[in-house]
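The next block is query-v6.tsv, given as TSV, C-alpha atoms.
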chain	number	residue	atom	x	y	z
A	472	MET	CA	-5.91	10.85	18.20
A	473	GLN	CA	-8.38	8.62	16.39
A	474	ILE	CA	-6.63	5.98	14.24
A	475	THR	CA	-8.61	4.19	11.55
A	476	ILE	CA	-7.17	1.16	9.76
A	477	SER	CA	-8.51	-0.16	6.48
A	478	GLU	CA	-7.35	-1.71	3.25
A	479	CYS	CA	-5.25	0.89	1.51
A	480	PRO	CA	-7.01	2.34	-1.53
A	481	THR	CA	-4.98	2.13	-4.72
A	482	SER	CA	-5.00	5.93	-4.86
A	483	ASP	CA	-2.75	5.93	-1.76
A	484	TYR	CA	-0.26	3.26	-2.94
A	485	CYS	CA	2.28	5.76	-4.23
A	486	GLU	CA	2.16	7.86	-1.06
A	487	LEU	CA	2.49	4.77	1.14
A	488	GLY	CA	5.42	3.50	-0.93
A	489	GLU	CA	7.25	6.82	-0.62
A	490	LEU	CA	6.49	6.99	3.11
A	491	THR	CA	7.89	3.46	3.57
A	492	VAL	CA	11.09	4.31	1.69
A	493	ALA	CA	11.53	7.51	3.72
A	494	VAL	CA	11.04	5.69	7.03
A	495	TYR	CA	13.36	2.78	6.25
A	496	SER	CA	16.08	4.92	4.68
A	497	GLY	CA	15.98	7.16	7.76
A	498	LEU	CA	16.74	4.34	10.20
A	499	ALA	CA	20.18	4.42	11.78
A	500	ASN	CA	22.30	1.45	10.70
A	501	MET	CA	19.97	0.56	7.84
A	502	PRO	CA	21.80	0.02	4.53
A	503	SER	CA	21.33	2.92	2.13
A	504	ARG	CA	19.38	2.92	-1.11
A	505	ASP	CA	22.70	2.70	-2.98
A	506	VAL	CA	23.67	-0.49	-1.15
A	507	MET	CA	20.26	-2.22	-1.47
A	508	PRO	CA	18.45	-0.64	-4.44
A	509	GLU	CA	16.23	-3.69	-5.07
A	510	TYR	CA	15.01	-3.63	-1.48
A	511	TYR	CA	14.09	0.05	-1.65
A	512	GLN	CA	12.29	-0.60	-4.94
A	513	LEU	CA	10.28	-3.30	-3.14
A	514	LEU	CA	9.41	-0.80	-0.39
A	515	ARG	CA	8.28	1.76	-2.97
A	516	ASP	CA	6.25	-0.63	-5.16
A	517	THR	CA	3.08	-1.05	-3.12
A	518	GLN	CA	1.13	-1.90	-6.29
A	519	SER	CA	3.21	-5.02	-7.02
A	520	ARG	CA	2.90	-6.23	-3.42
A	521	ALA	CA	-0.88	-5.76	-3.60
A	522	GLU	CA	-1.08	-7.98	-6.69
A	523	ASN	CA	0.02	-10.99	-4.65
A	524	PRO	CA	-3.14	-13.13	-4.10
A	525	ALA	CA	-2.45	-13.70	-0.39
A	526	THR	CA	-1.59	-10.06	0.37
A	527	LYS	CA	-3.52	-7.11	1.70
A	528	ILE	CA	-2.09	-3.64	2.16
A	529	PHE	CA	-3.46	-1.97	5.28
A	530	ALA	CA	-3.13	1.73	5.99
A	531	ALA	CA	-3.66	3.82	9.11
A	532	TYR	CA	-5.34	7.23	8.89
A	533	ASP	CA	-6.10	10.00	11.35
A	534	GLU	CA	-9.51	11.68	11.72
A	535	SER	CA	-8.75	14.02	8.79
A	536	ASN	CA	-7.86	11.02	6.57
A	537	GLN	CA	-4.12	11.81	6.68
A	538	LEU	CA	-2.01	8.70	5.95
A	539	LEU	CA	-0.10	7.77	9.12
A	540	GLY	CA	1.44	4.46	8.08
A	541	GLY	CA	0.91	1.10	6.53
A	542	VAL	CA	1.80	-2.57	6.52
A	543	THR	CA	1.74	-5.53	4.15
A	544	PHE	CA	-0.25	-8.49	5.53
A	545	ILE	CA	0.27	-11.94	4.03
A	546	GLY	CA	-2.37	-14.57	4.74
A	547	ASP	CA	-0.30	-17.50	3.44
A	548	MET	CA	3.43	-17.67	4.16
A	549	ALA	CA	4.10	-19.30	0.78
A	550	PHE	CA	3.62	-15.74	-0.56
A	551	TYR	CA	5.63	-13.96	2.16
A	552	GLY	CA	8.31	-12.94	-0.31
A	553	SER	CA	11.39	-12.62	1.87
A	554	CYS	CA	14.66	-14.49	1.86
A	555	GLY	CA	15.15	-17.39	4.22
A	556	SER	CA	12.88	-20.26	5.09
A	557	ALA	CA	9.75	-18.39	6.24
A	558	THR	CA	7.91	-19.24	3.02
A	559	THR	CA	7.97	-22.93	3.97
A	560	ILE	CA	6.00	-22.44	7.20
A	561	LYS	CA	2.49	-23.87	6.99
A	562	ASN	CA	-0.71	-22.73	8.71
A	563	SER	CA	0.72	-19.27	9.38
A	564	ALA	CA	0.26	-15.66	8.31
A	565	GLY	CA	2.70	-12.79	8.46
A	566	PHE	CA	3.22	-9.11	8.03
A	567	ARG	CA	6.07	-7.08	6.60
A	568	LEU	CA	7.18	-3.59	5.78
A	569	LEU	CA	5.45	-1.82	8.66
A	570	ALA	CA	6.11	1.91	8.41
A	571	VAL	CA	4.83	4.86	10.44
A	572	ALA	CA	5.18	8.48	9.33
A	573	PRO	CA	7.75	10.29	11.50
A	574	GLU	CA	5.18	12.82	12.69
A	575	ALA	CA	3.04	9.95	14.01
A	576	HIS	CA	5.80	8.17	15.97
A	577	GLY	CA	4.82	7.47	19.55
A	578	LEU	CA	1.08	7.78	18.88
A	579	GLY	CA	0.32	4.04	18.77
A	580	VAL	CA	0.09	3.72	14.98
A	581	GLY	CA	2.61	0.88	14.72
A	582	LYS	CA	0.89	-1.00	17.53
A	583	ALA	CA	-2.53	-0.47	15.96
A	584	LEU	CA	-1.32	-1.79	12.60
A	585	SER	CA	0.34	-4.79	14.28
A	586	VAL	CA	-2.77	-5.64	16.32
A	587	TYR	CA	-4.89	-5.29	13.18
A	588	CYS	CA	-2.66	-7.84	11.42
A	589	ILE	CA	-2.82	-10.18	14.42
A	590	ASP	CA	-6.62	-9.95	14.31
A	591	GLN	CA	-6.59	-10.69	10.57
A	592	ALA	CA	-4.45	-13.78	11.22
A	593	ARG	CA	-6.85	-14.92	13.94
A	594	ARG	CA	-9.74	-14.60	11.47
A	595	LEU	CA	-7.83	-16.93	9.14
A	596	ASN	CA	-7.57	-19.39	12.05
A	597	VAL	CA	-3.84	-19.93	11.54
A	598	GLU	CA	-1.51	-21.23	14.24
A	599	GLN	CA	0.84	-18.24	14.31
A	600	ILE	CA	1.84	-14.94	12.79
A	601	ILE	CA	5.40	-14.39	11.52
A	602	ILE	CA	7.44	-11.20	11.15
A	603	HIS	CA	11.03	-10.18	10.49
A	604	SER	CA	12.98	-7.22	11.81
A	605	THR	CA	16.53	-5.87	11.95
A	606	HIS	CA	18.68	-4.29	14.64
A	607	ALA	CA	17.87	-0.91	13.05
A	608	MET	CA	14.28	-1.41	14.23
A	609	GLN	CA	14.83	-1.79	17.98
A	610	VAL	CA	11.84	0.40	18.88
A	611	ALA	CA	9.60	-1.96	16.93
A	612	TRP	CA	11.20	-5.00	18.62
A	613	LYS	CA	10.10	-3.74	22.02
A	614	MET	CA	6.57	-3.23	20.75
A	615	TYR	CA	6.49	-6.70	19.18
A	616	GLU	CA	7.68	-8.28	22.44
A	617	LYS	CA	4.90	-6.50	24.34
A	618	LEU	CA	2.43	-7.91	21.81
A	619	GLY	CA	3.66	-11.45	22.54
A	620	PHE	CA	6.10	-12.05	19.68
A	621	GLU	CA	9.04	-14.30	20.49
A	622	PRO	CA	12.34	-14.76	18.65
A	623	PHE	CA	12.11	-17.44	15.96
A	624	PRO	CA	15.78	-17.95	15.00
A	625	GLU	CA	14.98	-20.80	12.62
A	626	ILE	CA	13.89	-18.19	10.05
A	627	ASP	CA	16.68	-15.63	10.57
A	628	PHE	CA	18.63	-14.80	7.42
A	629	ASN	CA	21.18	-12.41	6.00
A	630	GLN	CA	20.27	-10.06	3.16
A	631	SER	CA	23.20	-8.32	1.47
A	632	GLY	CA	25.10	-8.20	4.76
A	633	LEU	CA	22.06	-7.15	6.81
A	634	ALA	CA	21.07	-9.53	9.62
A	635	VAL	CA	17.31	-10.12	9.57
A	636	PHE	CA	15.67	-11.74	12.59
A	637	GLY	CA	12.48	-13.79	12.69
A	638	PHE	CA	9.74	-13.50	15.31
A	639	ARG	CA	6.44	-15.28	15.80
A	640	LYS	CA	3.35	-15.01	17.90
A	641	ARG	CA	1.46	-18.21	18.49
A	642	LEU	CA	-2.28	-17.73	18.05
A	643	VAL	CA	-3.82	-21.12	18.70
A	644	GLY	CA	-4.96	-21.30	22.29
A	645	THR	CA	-3.98	-17.70	23.08
A	646	LYS	CA	-6.14	-14.65	23.56
A	647	GLY	CA	-3.50	-11.93	23.94

Rewrite the coordinates I just gave you, this time as structure tokens.
Amino acid sequence: MQITISECPTSDYCELGELTVAVYSGLANMPSRDVMPEYYQLLRDTQSRAENPATKIFAAYDESNQLLGGVTFIGDMAFYGSCGSATTIKNSAGFRLLAVAPEAHGLGVGKALSVYCIDQARRLNVEQIIIHSTHAMQVAWKMYEKLGFEPFPEIDFNQSGLAVFGFRKRLVGTKG
């Protein structure tokens, strides 16, 4: 399958938001929409995330232009928008809210979006790229480890009873 990644057009924001909510709410051990309604509203509201000056919304498409997934890339951690101390990290970029349509799982979409974000961070010439994940996202953890991300416990936090774990990939002096 051919995967193309580009900035998400505004016409696809609603679809990407709904896809992200569906993916996250379908994860085992992820708090429900009733428990974390503000979080699910954040997932749905792609438009508001895109208004952040340091943010780009990237989307993955197949050869027939079917939306396969998306991610929010943040070029300046001051605008990262999560709990915890990640927003204080200088000379770093990050990405959040990676979601892949269930029918595209296992096809390399998540990896392609992650690598695209890593490449964007390299273009910004930052020292590292930061992400967060939860135990509900163990499949993604394995992928992130293969891409060179390491645990970064200094930025772990707890959100409404959900443990959220930080990871980073150093970019300065690395090629992988």

So which residues touch segment 575-584 of chain A within 7 Å, counting only C-alpha atoms, skipping near sequence neighbours fewer than 6 positions away, as a ChimeraX atom specification? /A:531,539,542,614

Write out as an NGL selection string the residues lying within 8 Å of Lys561 of chain A, counting only C-alpha atoms and excluding same-chain residues fewer than 6 positions away. :A and (547-549)

Of the listed residues A:Ser503, A:Arg567, A:Thr475, A:Glu509, that which approaches Asp533 of chain A most closely, counting all atoms listed in the file: A:Thr475

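Of the listed residues A:Ser631, A:Gly552, A:Leu498, A:Asn562, the one whose atoms come nearest to Ala611 of chain A is A:Leu498, with distances taken using all atoms listed in the file.
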
What would the list of residues within 12 Å of (15.8, -6.5, -3.7) (file frame) look like as a PyMOL selection string, if all atoms listed in the file are what count? chain A and resi 504-516+552-554+630-631

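Comparing the minimum interatomic distances between Gly619 of chain A and each of A:Arg520, A:His606, A:Arg641, A:Lys527, counting only C-alpha atoms, we find that A:Arg641 sits nearest.
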
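Counting from atom CA of Val597 of chain A, the distance to atom CA of Tyr495 of chain A is 29.0 Å.
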
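Among the candidates A:Gln609, A:Pro524, A:Glu478, A:His603, the residue lying nearest to Phe623 of chain A is A:His603 (atoms considered: only C-alpha atoms).
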
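Each of A:Ile474, A:Ile601, A:Val492, A:Cys485 was checked against Ile545 of chain A using all atoms listed in the file; the smallest atom-to-atom distance is that of A:Ile601.
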